[in-house]
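Visitor: Following this message is one structure expressed as structure tokens.
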Amino acid sequence: MFPALGDGWIHFDGGTGMLVPEQVASAVSTAMRAPVSGPGGAFPASQRAESIVAAARRAVADLVGGEPEGVVLGPSASALIARFADTLSTRWTIGDEVVVSRLDEAANVSPWLRAMNRVGGKIRWGEIDIENCELPEWQYTGLMGDRTKAVAVTAASGAVGTRPDLGPITSAARQAGALMVVDATYAAPFVPLDLSTLGADVVVLSAQAWGGPAIGALVFRDPDLLAQLPPAELSPETTGPERLELGPHPYPLLAGLIASVDYLADLDDSATGTRRERLLTSLGSAKSYQEGLLDRLSADLRSLPHVTVLGDAMRRIPSLAFYVDGHKASDVADHLARQGVCAFADPGNCGLFDALGLGEVGGAVRIGLAHYSNSFEIGQLTRILAELP
């Protein structure tokens with residue numbers, strides 16, 4: 001199912017994107033062999049392009065319980081967030097505010113920082129609890145006011161796995177009249193998503209997170225909101241999702257996106273019904289399976305006296321970070337690589353890890369499980385760390 005696993009390495013680098021399933025790679029290569037032209041023509045190659053785009057929008061909509069008319073497609077989640085923030089900020093002014101969080105990755109924070117710098121606005125920060133890496137929801141009521149324009153928060157941290165309780169944050173955003181933007185990039189591979197449950201006005205996704213191609217998406221809960229935005233395109237007559245889409249679509253990659261959502265829908269062989277129904281069943285099963293692996297990984301690492309696992313949130317995805325006493329994170333990652341294990345080191349001098357003060361201990365190692373992770377590999381990781389001199 002995952003040809004890349006033939007490299008013989010243990011892949012705990014899932015937090016940066018899973019390996020690509022065979023059916024996704026095949027869908028991309030098949031689409032590249034077929035005649036596909038630009039949309040708007042009366043000939044088959046053009047009509048094929050239009051059908052691929054429409055099918056990609058439906059696939060993403062099925063993943064989050066949205067409508068295809070509200071799905072914006074683009075080259076990456078970070079590029080789309082930046083484009084969206086730029087578009088929104090054209091109507092903001094001095095003194096307006098945006099709320100972000102320390103739990104979020106830089107890609108979901110930097111665009112809002114730049115937008116506020118341009119207009120002379122203010123950024124307010126949701127702080128984490130350094131003991132358990134939770135994002136206390138009670139603080140958000142005090143962070144918002146009548147000048148709050150948007151609230152950007154992650155559905156799950158790719159660094160420490162925390163899944164914040166978005167309900168109270170959403171309620172506070174609505175009371176303030178602010179737009180709620182939820183980055184579901186890291187949650188999507190492991191948790192059934194539903195726009196109405198999330199309470200988000202806009203959900204951000206990256207297909208690479210679940211083994212898809214380099215495609216990002218914004219999903220608007222109310223597609224009519226797109227008509228209220230200044231168009232990113234030069235043509236003011238542009239309607240629907242195309243108002244935030246620039247240039248021609250990479251049609252073979254969109255074909256891969258469709259295949260990747262179908263892959264998620266078929267994770268559980270017993271799943272039946274529509275693709276949306278199969279996605280809910282399969283991702284529910286994946287959530288349960290990954291919770292067991294995460295419990296094993298966390299318990300094994302905490303059993304090592306020289307290893308400190310960061311955070312202990314109640315709700316999590318299968319990602320965590322740790323540091324080893326007396327060792328820089330980069331040295332630990334190099335040691336793991338020499339033993340055939342893929343893991344990333346973060347120096348701890350920016351973002352979440354900076355807030356935790358990890359720069360003082362040499363940073364942290366990030367572990368991200370994937371659908372192909374297993375208990376044997378977790379045991380290997382524990383053994384290698386136990387033998388670390």
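In the structure tokens, the first chain shown is A, the next is B, and so on; residue numbers restart at 1 for each chain, and ligands run from 1 in the order shown.
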Name the residues of segment 287-366 of chain A that fall into strand (DSSP E) according to DSSP on the backbone, using the chain letters and numbers of this document, as a PDB file with all heavy atoms, in the first residue's frame.

Guide:
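As a result, selection-v5.pdb now contains:
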ATOM      1  N   VAL A 307      14.476  10.562  29.674  1.00  0.00           N
ATOM      2  CA  VAL A 307      13.619  11.132  28.631  1.00  0.00           C
ATOM      3  C   VAL A 307      12.449  11.870  29.274  1.00  0.00           C
ATOM      4  O   VAL A 307      11.796  11.340  30.177  1.00  0.00           O
ATOM      5  CB  VAL A 307      13.093  10.039  27.682  1.00  0.00           C
ATOM      6  CG1 VAL A 307      12.078  10.621  26.704  1.00  0.00           C
ATOM      7  CG2 VAL A 307      14.239   9.385  26.918  1.00  0.00           C
ATOM      8  N   THR A 308      12.199  13.076  28.815  1.00  0.00           N
ATOM      9  CA  THR A 308      11.062  13.865  29.294  1.00  0.00           C
ATOM     10  C   THR A 308      10.107  14.116  28.138  1.00  0.00           C
ATOM     11  O   THR A 308      10.481  14.727  27.130  1.00  0.00           O
ATOM     12  CB  THR A 308      11.518  15.221  29.870  1.00  0.00           C
ATOM     13  OG1 THR A 308      12.399  14.986  30.975  1.00  0.00           O
ATOM     14  CG2 THR A 308      10.323  16.038  30.344  1.00  0.00           C
ATOM     15  N   VAL A 309       8.887  13.614  28.272  1.00  0.00           N
ATOM     16  CA  VAL A 309       7.847  13.828  27.260  1.00  0.00           C
ATOM     17  C   VAL A 309       7.136  15.136  27.575  1.00  0.00           C
ATOM     18  O   VAL A 309       6.778  15.407  28.728  1.00  0.00           O
ATOM     19  CB  VAL A 309       6.843  12.659  27.246  1.00  0.00           C
ATOM     20  CG1 VAL A 309       5.723  12.926  26.235  1.00  0.00           C
ATOM     21  CG2 VAL A 309       7.555  11.362  26.902  1.00  0.00           C
ATOM     22  N   SER A 319       0.911  12.491  17.971  1.00  0.00           N
ATOM     23  CA  SER A 319       2.167  13.227  17.823  1.00  0.00           C
ATOM     24  C   SER A 319       2.631  13.639  19.206  1.00  0.00           C
ATOM     25  O   SER A 319       1.806  13.959  20.073  1.00  0.00           O
ATOM     26  CB  SER A 319       1.983  14.484  16.960  1.00  0.00           C
ATOM     27  OG  SER A 319       1.598  14.168  15.643  1.00  0.00           O
ATOM     28  N   LEU A 320       3.934  13.614  19.416  1.00  0.00           N
ATOM     29  CA  LEU A 320       4.458  14.100  20.685  1.00  0.00           C
ATOM     30  C   LEU A 320       5.889  14.586  20.494  1.00  0.00           C
ATOM     31  O   LEU A 320       6.509  14.382  19.454  1.00  0.00           O
ATOM     32  CB  LEU A 320       4.376  13.035  21.781  1.00  0.00           C
ATOM     33  CG  LEU A 320       5.039  11.672  21.612  1.00  0.00           C
ATOM     34  CD1 LEU A 320       6.557  11.741  21.711  1.00  0.00           C
ATOM     35  CD2 LEU A 320       4.526  10.705  22.667  1.00  0.00           C
ATOM     36  N   ALA A 321       6.397  15.223  21.523  1.00  0.00           N
ATOM     37  CA  ALA A 321       7.768  15.728  21.508  1.00  0.00           C
ATOM     38  C   ALA A 321       8.425  15.381  22.841  1.00  0.00           C
ATOM     39  O   ALA A 321       7.749  15.279  23.868  1.00  0.00           O
ATOM     40  CB  ALA A 321       7.786  17.231  21.265  1.00  0.00           C
ATOM     41  N   PHE A 322       9.733  15.206  22.808  1.00  0.00           N
ATOM     42  CA  PHE A 322      10.460  14.860  24.030  1.00  0.00           C
ATOM     43  C   PHE A 322      11.875  15.412  23.935  1.00  0.00           C
ATOM     44  O   PHE A 322      12.362  15.768  22.856  1.00  0.00           O
ATOM     45  CB  PHE A 322      10.497  13.348  24.240  1.00  0.00           C
ATOM     46  CG  PHE A 322      11.256  12.589  23.185  1.00  0.00           C
ATOM     47  CD1 PHE A 322      12.623  12.357  23.300  1.00  0.00           C
ATOM     48  CD2 PHE A 322      10.602  12.096  22.055  1.00  0.00           C
ATOM     49  CE1 PHE A 322      13.326  11.665  22.321  1.00  0.00           C
ATOM     50  CE2 PHE A 322      11.300  11.407  21.069  1.00  0.00           C
ATOM     51  CZ  PHE A 322      12.661  11.185  21.207  1.00  0.00           C
ATOM     52  N   TYR A 323      12.536  15.473  25.078  1.00  0.00           N
ATOM     53  CA  TYR A 323      13.959  15.775  25.070  1.00  0.00           C
ATOM     54  C   TYR A 323      14.680  14.786  25.977  1.00  0.00           C
ATOM     55  O   TYR A 323      14.067  14.164  26.860  1.00  0.00           O
ATOM     56  CB  TYR A 323      14.250  17.225  25.469  1.00  0.00           C
ATOM     57  CG  TYR A 323      13.886  17.618  26.880  1.00  0.00           C
ATOM     58  CD1 TYR A 323      14.784  17.444  27.938  1.00  0.00           C
ATOM     59  CD2 TYR A 323      12.651  18.199  27.167  1.00  0.00           C
ATOM     60  CE1 TYR A 323      14.463  17.821  29.228  1.00  0.00           C
ATOM     61  CE2 TYR A 323      12.327  18.584  28.453  1.00  0.00           C
ATOM     62  CZ  TYR A 323      13.228  18.390  29.479  1.00  0.00           C
ATOM     63  OH  TYR A 323      12.909  18.765  30.758  1.00  0.00           O
ATOM     64  N   VAL A 324      15.962  14.618  25.730  1.00  0.00           N
ATOM     65  CA  VAL A 324      16.792  13.668  26.471  1.00  0.00           C
ATOM     66  C   VAL A 324      17.798  14.458  27.295  1.00  0.00           C
ATOM     67  O   VAL A 324      18.514  15.309  26.764  1.00  0.00           O
ATOM     68  CB  VAL A 324      17.528  12.708  25.510  1.00  0.00           C
ATOM     69  CG1 VAL A 324      18.385  11.723  26.301  1.00  0.00           C
ATOM     70  CG2 VAL A 324      16.525  11.962  24.635  1.00  0.00           C
ATOM     71  N   VAL A 341      15.995   5.349  12.012  1.00  0.00           N
ATOM     72  CA  VAL A 341      14.726   5.934  12.455  1.00  0.00           C
ATOM     73  C   VAL A 341      14.641   7.381  11.981  1.00  0.00           C
ATOM     74  O   VAL A 341      15.560   8.172  12.203  1.00  0.00           O
ATOM     75  CB  VAL A 341      14.588   5.882  13.993  1.00  0.00           C
ATOM     76  CG1 VAL A 341      13.291   6.564  14.434  1.00  0.00           C
ATOM     77  CG2 VAL A 341      14.619   4.440  14.477  1.00  0.00           C
ATOM     78  N   CYS A 342      13.535   7.736  11.333  1.00  0.00           N
ATOM     79  CA  CYS A 342      13.304   9.105  10.871  1.00  0.00           C
ATOM     80  C   CYS A 342      12.557   9.891  11.948  1.00  0.00           C
ATOM     81  O   CYS A 342      11.443   9.526  12.334  1.00  0.00           O
ATOM     82  CB  CYS A 342      12.460   9.102   9.597  1.00  0.00           C
ATOM     83  SG  CYS A 342      13.157   8.182   8.221  1.00  0.00           S
ATOM     84  N   PHE A 344      12.454  14.270  13.565  1.00  0.00           N
ATOM     85  CA  PHE A 344      12.944  15.628  13.393  1.00  0.00           C
ATOM     86  C   PHE A 344      13.307  16.257  14.731  1.00  0.00           C
ATOM     87  O   PHE A 344      12.644  16.013  15.749  1.00  0.00           O
ATOM     88  CB  PHE A 344      11.902  16.504  12.691  1.00  0.00           C
ATOM     89  CG  PHE A 344      11.844  16.293  11.213  1.00  0.00           C
ATOM     90  CD1 PHE A 344      10.853  15.505  10.649  1.00  0.00           C
ATOM     91  CD2 PHE A 344      12.787  16.868  10.380  1.00  0.00           C
ATOM     92  CE1 PHE A 344      10.792  15.304   9.276  1.00  0.00           C
ATOM     93  CE2 PHE A 344      12.736  16.677   9.010  1.00  0.00           C
ATOM     94  CZ  PHE A 344      11.746  15.891   8.457  1.00  0.00           C
ATOM     95  N   ALA A 345      14.343  17.092  14.693  1.00  0.00           N
ATOM     96  CA  ALA A 345      14.729  17.879  15.858  1.00  0.00           C
ATOM     97  C   ALA A 345      14.274  19.312  15.663  1.00  0.00           C
ATOM     98  O   ALA A 345      14.373  19.869  14.569  1.00  0.00           O
ATOM     99  CB  ALA A 345      16.240  17.833  16.055  1.00  0.00           C
ATOM    100  N   ASP A 346      13.751  19.904  16.707  1.00  0.00           N
ATOM    101  CA  ASP A 346      13.388  21.319  16.703  1.00  0.00           C
ATOM    102  C   ASP A 346      14.287  22.017  17.708  1.00  0.00           C
ATOM    103  O   ASP A 346      14.353  21.612  18.874  1.00  0.00           O
ATOM    104  CB  ASP A 346      11.913  21.492  17.096  1.00  0.00           C
ATOM    105  CG  ASP A 346      11.408  22.899  16.848  1.00  0.00           C
ATOM    106  OD1 ASP A 346      11.985  23.827  17.435  1.00  0.00           O
ATOM    107  OD2 ASP A 346      10.448  23.062  16.083  1.00  0.00           O
ATOM    108  N   ALA A 364      13.803  19.959  21.171  1.00  0.00           N
ATOM    109  CA  ALA A 364      13.025  18.739  21.365  1.00  0.00           C
ATOM    110  C   ALA A 364      12.991  17.927  20.082  1.00  0.00           C
ATOM    111  O   ALA A 364      13.169  18.455  18.986  1.00  0.00           O
ATOM    112  CB  ALA A 364      11.597  19.082  21.802  1.00  0.00           C
ATOM    113  N   VAL A 365      12.768  16.631  20.236  1.00  0.00           N
ATOM    114  CA  VAL A 365      12.595  15.724  19.103  1.00  0.00           C
ATOM    115  C   VAL A 365      11.102  15.514  18.896  1.00  0.00           C
ATOM    116  O   VAL A 365      10.369  15.256  19.855  1.00  0.00           O
ATOM    117  CB  VAL A 365      13.293  14.376  19.352  1.00  0.00           C
ATOM    118  CG1 VAL A 365      13.057  13.422  18.175  1.00  0.00           C
ATOM    119  CG2 VAL A 365      14.778  14.579  19.584  1.00  0.00           C
ATOM    120  N   ARG A 366      10.659  15.647  17.661  1.00  0.00           N
ATOM    121  CA  ARG A 366       9.246  15.477  17.334  1.00  0.00           C
ATOM    122  C   ARG A 366       8.998  14.109  16.721  1.00  0.00           C
ATOM    123  O   ARG A 366       9.708  13.684  15.817  1.00  0.00           O
ATOM    124  CB  ARG A 366       8.791  16.570  16.357  1.00  0.00           C
ATOM    125  CG  ARG A 366       8.868  17.956  16.926  1.00  0.00           C
ATOM    126  CD  ARG A 366       8.562  19.029  15.905  1.00  0.00           C
ATOM    127  NE  ARG A 366       7.230  18.895  15.308  1.00  0.00           N
ATOM    128  CZ  ARG A 366       6.576  19.895  14.742  1.00  0.00           C
ATOM    129  NH1 ARG A 366       7.122  21.097  14.701  1.00  0.00           N
ATOM    130  NH2 ARG A 366       5.392  19.706  14.209  1.00  0.00           N
TER     131      ARG A 366
END

Visitor: Could you make a table, as CSV, of the residues of segment 116-156 of chain A that have an atom within 12 Å of an atom of segment 178-189 of chain A, each with its nearest atom pair and distance in Å to one decimal, counting only C-alpha atoms, in chain and number order?

Guide:
residue,atom,partner,partner_atom,distance
A:Leu143,CA,A:Ala178,CA,11.7
A:Met144,CA,A:Ala178,CA,8.5
A:Gly145,CA,A:Ala178,CA,8.9
A:Asp146,CA,A:Ala178,CA,8.5
A:Arg147,CA,A:Ala178,CA,8.6
A:Thr148,CA,A:Ala178,CA,5.8
A:Lys149,CA,A:Ala178,CA,4.7
A:Ala150,CA,A:Leu179,CA,4.4
A:Val151,CA,A:Met180,CA,5.0
A:Ala152,CA,A:Val181,CA,4.8
A:Val153,CA,A:Val182,CA,5.2
A:Thr154,CA,A:Asp183,CA,4.5
A:Ala155,CA,A:Ala184,CA,5.0
A:Ala156,CA,A:Ala187,CA,5.3

Visitor: Keeping only all heavy atoms, write those residues as a CSV table (one decimal), in the first residue's frame.

Guide:
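The resulting file, selection30.csv, is reproduced below:
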chain,number,residue,atom,x,y,z
A,143,LEU,N,-9.7,37.7,25.6
A,143,LEU,CA,-8.8,38.1,24.4
A,143,LEU,C,-9.6,38.8,23.3
A,143,LEU,O,-8.9,39.4,22.5
A,143,LEU,CB,-8.1,36.8,23.9
A,143,LEU,CG,-7.0,36.2,24.7
A,143,LEU,CD1,-6.6,34.8,24.1
A,143,LEU,CD2,-5.9,37.1,24.9
A,144,MET,N,-10.9,38.7,23.3
A,144,MET,CA,-11.7,39.2,22.2
A,144,MET,C,-12.5,40.4,22.6
A,144,MET,O,-12.9,40.5,23.8
A,144,MET,CB,-12.6,38.1,21.7
A,144,MET,CG,-11.9,36.9,21.2
A,144,MET,SD,-13.1,35.7,20.5
A,144,MET,CE,-12.1,34.2,20.7
A,145,GLY,N,-12.7,41.3,21.7
A,145,GLY,CA,-13.5,42.4,21.9
A,145,GLY,C,-14.2,42.9,20.6
A,145,GLY,O,-14.2,42.2,19.6
A,146,ASP,N,-14.7,44.1,20.6
A,146,ASP,CA,-15.4,44.6,19.4
A,146,ASP,C,-14.5,44.9,18.3
A,146,ASP,O,-15.0,45.2,17.2
A,146,ASP,CB,-16.3,45.8,19.8
A,146,ASP,CG,-15.5,46.9,20.4
A,146,ASP,OD1,-14.3,46.8,20.4
A,146,ASP,OD2,-16.1,47.9,20.8
A,147,ARG,N,-13.2,44.9,18.5
A,147,ARG,CA,-12.2,45.1,17.4
A,147,ARG,C,-11.6,43.8,16.8
A,147,ARG,O,-10.8,43.9,16.0
A,147,ARG,CB,-11.1,46.1,17.8
A,147,ARG,CG,-11.5,47.5,18.2
A,147,ARG,CD,-12.2,48.2,17.1
A,147,ARG,NE,-11.4,48.4,16.0
A,147,ARG,CZ,-10.6,49.5,15.8
A,147,ARG,NH1,-10.5,50.4,16.8
A,147,ARG,NH2,-9.8,49.7,14.7
A,148,THR,N,-12.0,42.7,17.4
A,148,THR,CA,-11.5,41.4,17.0
A,148,THR,C,-12.1,41.0,15.6
A,148,THR,O,-13.3,40.9,15.5
A,148,THR,CB,-11.8,40.3,18.0
A,148,THR,OG1,-11.3,40.7,19.3
A,148,THR,CG2,-11.1,39.0,17.6
A,149,LYS,N,-11.2,40.8,14.6
A,149,LYS,CA,-11.7,40.5,13.3
A,149,LYS,C,-11.6,39.0,13.0
A,149,LYS,O,-12.5,38.5,12.2
A,149,LYS,CB,-10.9,41.3,12.3
A,149,LYS,CG,-11.0,42.8,12.4
A,149,LYS,CD,-12.4,43.2,12.2
A,149,LYS,CE,-12.6,44.7,12.2
A,149,LYS,NZ,-14.0,45.2,12.0
A,150,ALA,N,-10.7,38.3,13.5
A,150,ALA,CA,-10.5,36.9,13.2
A,150,ALA,C,-9.8,36.2,14.4
A,150,ALA,O,-9.1,36.8,15.1
A,150,ALA,CB,-9.7,36.7,11.9
A,151,VAL,N,-10.2,34.9,14.5
A,151,VAL,CA,-9.5,34.1,15.5
A,151,VAL,C,-9.0,32.9,14.8
A,151,VAL,O,-9.7,32.2,14.1
A,151,VAL,CB,-10.5,33.6,16.6
A,151,VAL,CG1,-9.8,32.7,17.6
A,151,VAL,CG2,-11.2,34.8,17.3
A,152,ALA,N,-7.7,32.7,14.8
A,152,ALA,CA,-7.0,31.5,14.2
A,152,ALA,C,-6.5,30.6,15.2
A,152,ALA,O,-5.7,30.9,16.1
A,152,ALA,CB,-5.9,32.0,13.3
A,153,VAL,N,-6.9,29.3,15.1
A,153,VAL,CA,-6.5,28.3,16.1
A,153,VAL,C,-6.4,27.0,15.4
A,153,VAL,O,-7.2,26.7,14.5
A,153,VAL,CB,-7.4,28.3,17.3
A,153,VAL,CG1,-8.8,27.8,16.9
A,153,VAL,CG2,-6.9,27.5,18.5
A,154,THR,N,-5.5,26.1,15.9
A,154,THR,CA,-5.4,24.8,15.4
A,154,THR,C,-6.4,23.8,16.0
A,154,THR,O,-6.8,23.9,17.2
A,154,THR,CB,-4.0,24.3,15.6
A,154,THR,OG1,-3.8,23.0,14.9
A,154,THR,CG2,-3.7,24.1,17.1
A,155,ALA,N,-6.8,22.8,15.2
A,155,ALA,CA,-7.6,21.7,15.7
A,155,ALA,C,-6.8,20.7,16.4
A,155,ALA,O,-7.3,19.9,17.2
A,155,ALA,CB,-8.5,21.1,14.6
A,156,ALA,N,-5.5,20.7,16.1
A,156,ALA,CA,-4.6,19.7,16.8
A,156,ALA,C,-3.2,20.2,16.5
A,156,ALA,O,-2.9,20.7,15.4
A,156,ALA,CB,-4.8,18.3,16.2

Visitor: I need the residue nearest Ala106 of chain A from this list: A:Met1, A:Ala209, A:Ala77, A:Leu195. Use only C-alpha atoms for the distance.

Guide: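 Under the stated criterion, the closest residue is A:Ala77.
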
Visitor: Residues of segment 1-207 of chain A classed as alpha helix (DSSP H) by DSSP on the backbone are to be reported as number ranges by chain.

Guide: A: 22-33, 44-64, 77-89, 110-119, 140-143, 166-176, 195-198

Visitor: Using only C-alpha atoms, what does the table of segment 334-377 of chain A residues within 12 Å of segment 286-293 of chain A look like, with each row giving the shortest atom pair and its distance in Å to one decimal, sorted by chain and ascending number, as CSV?

Guide:
residue,atom,partner,partner_atom,distance
A:Gly368,CA,A:Gln290,CA,10.9
A:Leu369,CA,A:Gln290,CA,7.9
A:Ala370,CA,A:Gln290,CA,8.2
A:His371,CA,A:Ala286,CA,7.6
A:Tyr372,CA,A:Gln290,CA,10.1
A:Ser373,CA,A:Leu293,CA,8.2
A:Asn374,CA,A:Leu293,CA,7.0
A:Ser375,CA,A:Leu293,CA,6.5
A:Phe376,CA,A:Leu293,CA,10.2
A:Glu377,CA,A:Leu293,CA,10.2

Visitor: In Å, rounded to a single decimal, give me how far atom CA of Ser260 of chain A is from atom CA of Gly74 of chain A.

Guide: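 Going from atom CA of Gly74 of chain A over to atom CA of Ser260 of chain A covers 15.9 Å.
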
Visitor: What does the structure give for the distance between atom CA of Asp165 of chain A and atom CA of Leu297 of chain A, in Å to one decimal?

Guide: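 According to the coordinates, atom CA of Asp165 of chain A and atom CA of Leu297 of chain A are separated by 23.5 Å.
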
Visitor: Pick from A:Phe353, A:Ala54, A:Leu19, A:Pro252: nearest to Gly311 of chain A, with only C-alpha atoms counted?

Guide: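 With only C-alpha atoms as the atom set, the closest residue is A:Phe353.
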
Visitor: Please provide the set of residues having any atom within 6 Å of Val99 of chain A, restricted to only C-alpha atoms, with same-chain residues fewer than 5 positions apart removed, written as a list in words.

Guide: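 Counting only C-alpha atoms, the residues come to Ile123, Arg124, Trp125 and Val151 of chain A.
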
Visitor: What is the atom CA of Gly95 of chain A-atom CA of Glu134 of chain A distance in Å, reported with one decimal?

Guide: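 Atom CA of Gly95 of chain A sits 29.0 Å away from atom CA of Glu134 of chain A.
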
Visitor: Excluding segment 354-358 of chain A and its own-chain neighbours fewer than 4 positions away, which residues fall within 9 Å of it when counting only C-alpha atoms? Please give them as an MDAnalysis selection string.

Guide: chainID A and resid 102 127:128 130:131 133 310 323 347:350 362:364

Visitor: Segment 27-32 of chain A: which residues within 12 Å, counting only C-alpha atoms, same-chain residues fewer than 6 positions away excluded, as a PyMOL selection string?

Guide: chain A and resi 20-21+45+48-49+52+212-214+250-263

Visitor: Take the selection from the previous step and output its residues with N, CA and C atoms, as a PDB file, in the first residue's frame.

Guide:
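Output contents, as saved in selection35.pdb:
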ATOM      1  N   VAL A  20       3.168   8.434   0.665  1.00  0.00           N
ATOM      2  CA  VAL A  20       2.074   8.441  -0.313  1.00  0.00           C
ATOM      3  C   VAL A  20       1.592   7.020  -0.608  1.00  0.00           C
ATOM      4  N   PRO A  21       0.288   6.748  -0.445  1.00  0.00           N
ATOM      5  CA  PRO A  21      -0.248   5.434  -0.810  1.00  0.00           C
ATOM      6  C   PRO A  21      -0.126   5.191  -2.317  1.00  0.00           C
ATOM      7  N   ALA A  45     -10.796  17.222 -23.542  1.00  0.00           N
ATOM      8  CA  ALA A  45      -9.682  17.504 -22.637  1.00  0.00           C
ATOM      9  C   ALA A  45     -10.019  18.642 -21.674  1.00  0.00           C
ATOM     10  N   ARG A  48     -12.599  17.373 -19.187  1.00  0.00           N
ATOM     11  CA  ARG A  48     -11.950  16.512 -18.192  1.00  0.00           C
ATOM     12  C   ARG A  48     -11.359  17.360 -17.072  1.00  0.00           C
ATOM     13  N   ALA A  49     -10.764  18.477 -17.414  1.00  0.00           N
ATOM     14  CA  ALA A  49     -10.206  19.379 -16.400  1.00  0.00           C
ATOM     15  C   ALA A  49     -11.301  19.874 -15.457  1.00  0.00           C
ATOM     16  N   ILE A  52     -12.395  17.111 -13.072  1.00  0.00           N
ATOM     17  CA  ILE A  52     -11.404  16.833 -12.019  1.00  0.00           C
ATOM     18  C   ILE A  52     -11.516  17.859 -10.900  1.00  0.00           C
ATOM     19  N   GLY A 212      -1.611  12.624   0.751  1.00  0.00           N
ATOM     20  CA  GLY A 212      -2.034  13.152  -0.530  1.00  0.00           C
ATOM     21  C   GLY A 212      -0.954  14.007  -1.165  1.00  0.00           C
ATOM     22  N   PRO A 213      -1.233  14.587  -2.310  1.00  0.00           N
ATOM     23  CA  PRO A 213      -0.252  15.439  -2.999  1.00  0.00           C
ATOM     24  C   PRO A 213      -0.154  16.809  -2.358  1.00  0.00           C
ATOM     25  N   ALA A 214       0.726  17.636  -2.889  1.00  0.00           N
ATOM     26  CA  ALA A 214       0.944  18.989  -2.358  1.00  0.00           C
ATOM     27  C   ALA A 214      -0.198  19.901  -2.781  1.00  0.00           C
ATOM     28  N   PRO A 250      -3.243  22.395 -10.842  1.00  0.00           N
ATOM     29  CA  PRO A 250      -2.424  21.238 -11.224  1.00  0.00           C
ATOM     30  C   PRO A 250      -3.322  19.991 -11.272  1.00  0.00           C
ATOM     31  N   TYR A 251      -3.909  19.730 -12.421  1.00  0.00           N
ATOM     32  CA  TYR A 251      -4.953  18.713 -12.522  1.00  0.00           C
ATOM     33  C   TYR A 251      -4.502  17.313 -12.101  1.00  0.00           C
ATOM     34  N   PRO A 252      -3.296  16.872 -12.448  1.00  0.00           N
ATOM     35  CA  PRO A 252      -2.872  15.554 -11.959  1.00  0.00           C
ATOM     36  C   PRO A 252      -2.819  15.479 -10.426  1.00  0.00           C
ATOM     37  N   LEU A 253      -2.390  16.564  -9.790  1.00  0.00           N
ATOM     38  CA  LEU A 253      -2.355  16.566  -8.326  1.00  0.00           C
ATOM     39  C   LEU A 253      -3.763  16.559  -7.741  1.00  0.00           C
ATOM     40  N   LEU A 254      -4.689  17.229  -8.394  1.00  0.00           N
ATOM     41  CA  LEU A 254      -6.077  17.180  -7.929  1.00  0.00           C
ATOM     42  C   LEU A 254      -6.641  15.766  -8.054  1.00  0.00           C
ATOM     43  N   ALA A 255      -6.244  15.060  -9.108  1.00  0.00           N
ATOM     44  CA  ALA A 255      -6.654  13.652  -9.224  1.00  0.00           C
ATOM     45  C   ALA A 255      -6.101  12.848  -8.065  1.00  0.00           C
ATOM     46  N   GLY A 256      -4.865  13.138  -7.661  1.00  0.00           N
ATOM     47  CA  GLY A 256      -4.286  12.481  -6.502  1.00  0.00           C
ATOM     48  C   GLY A 256      -4.991  12.853  -5.215  1.00  0.00           C
ATOM     49  N   LEU A 257      -5.443  14.099  -5.115  1.00  0.00           N
ATOM     50  CA  LEU A 257      -6.207  14.525  -3.943  1.00  0.00           C
ATOM     51  C   LEU A 257      -7.484  13.707  -3.802  1.00  0.00           C
ATOM     52  N   ILE A 258      -8.183  13.522  -4.898  1.00  0.00           N
ATOM     53  CA  ILE A 258      -9.415  12.718  -4.872  1.00  0.00           C
ATOM     54  C   ILE A 258      -9.103  11.305  -4.393  1.00  0.00           C
ATOM     55  N   ALA A 259      -8.042  10.705  -4.940  1.00  0.00           N
ATOM     56  CA  ALA A 259      -7.660   9.342  -4.556  1.00  0.00           C
ATOM     57  C   ALA A 259      -7.265   9.272  -3.083  1.00  0.00           C
ATOM     58  N   SER A 260      -6.650  10.341  -2.567  1.00  0.00           N
ATOM     59  CA  SER A 260      -6.220  10.318  -1.167  1.00  0.00           C
ATOM     60  C   SER A 260      -7.409  10.359  -0.210  1.00  0.00           C
ATOM     61  N   VAL A 261      -8.457  11.084  -0.568  1.00  0.00           N
ATOM     62  CA  VAL A 261      -9.655  11.088   0.267  1.00  0.00           C
ATOM     63  C   VAL A 261     -10.350   9.733   0.193  1.00  0.00           C
ATOM     64  N   ASP A 262     -10.364   9.118  -0.997  1.00  0.00           N
ATOM     65  CA  ASP A 262     -10.914   7.768  -1.121  1.00  0.00           C
ATOM     66  C   ASP A 262     -10.114   6.778  -0.277  1.00  0.00           C
ATOM     67  N   TYR A 263      -8.801   6.976  -0.224  1.00  0.00           N
ATOM     68  CA  TYR A 263      -7.958   6.123   0.631  1.00  0.00           C
ATOM     69  C   TYR A 263      -8.380   6.235   2.094  1.00  0.00           C
TER      70      TYR A 263
END

Visitor: For His306 of chain A, list every protein, DNA or RNA residue within 12 Å, evaluated using only C-alpha atoms, and leave out those in the same chain fewer than 5 positions away; present the list as a list of chain:residue names.

Guide: A:Leu301, A:Phe322, A:Tyr323, A:Val324, A:Asp325, A:Gly326, A:His327, A:Thr382, A:Leu385, A:Ala386, A:Glu387, A:Leu388, A:Pro389

Visitor: Quick one: residues within 9 Å of Glu277 of chain A, only C-alpha atoms counted, chain neighbours fewer than 6 positions away excluded, as a VMD selection string?

Guide: chain A and resid 62 265 271

Visitor: Kindly indicate which residue among A:Trp9, A:Leu103, A:Arg338, A:Ala59 lies nearest to Gly158 of chain A, using only C-alpha atoms for the distances.

Guide: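 The closest residue to Gly158 of chain A is A:Leu103.
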
Visitor: Which residue out of A:Pro68, A:Gly8, A:Gly38, A:Gly120 has the minimum interatomic distance to Leu218 of chain A when only C-alpha atoms are used?

Guide: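 That would be A:Pro68, the residue with the smallest distance to Leu218 of chain A.
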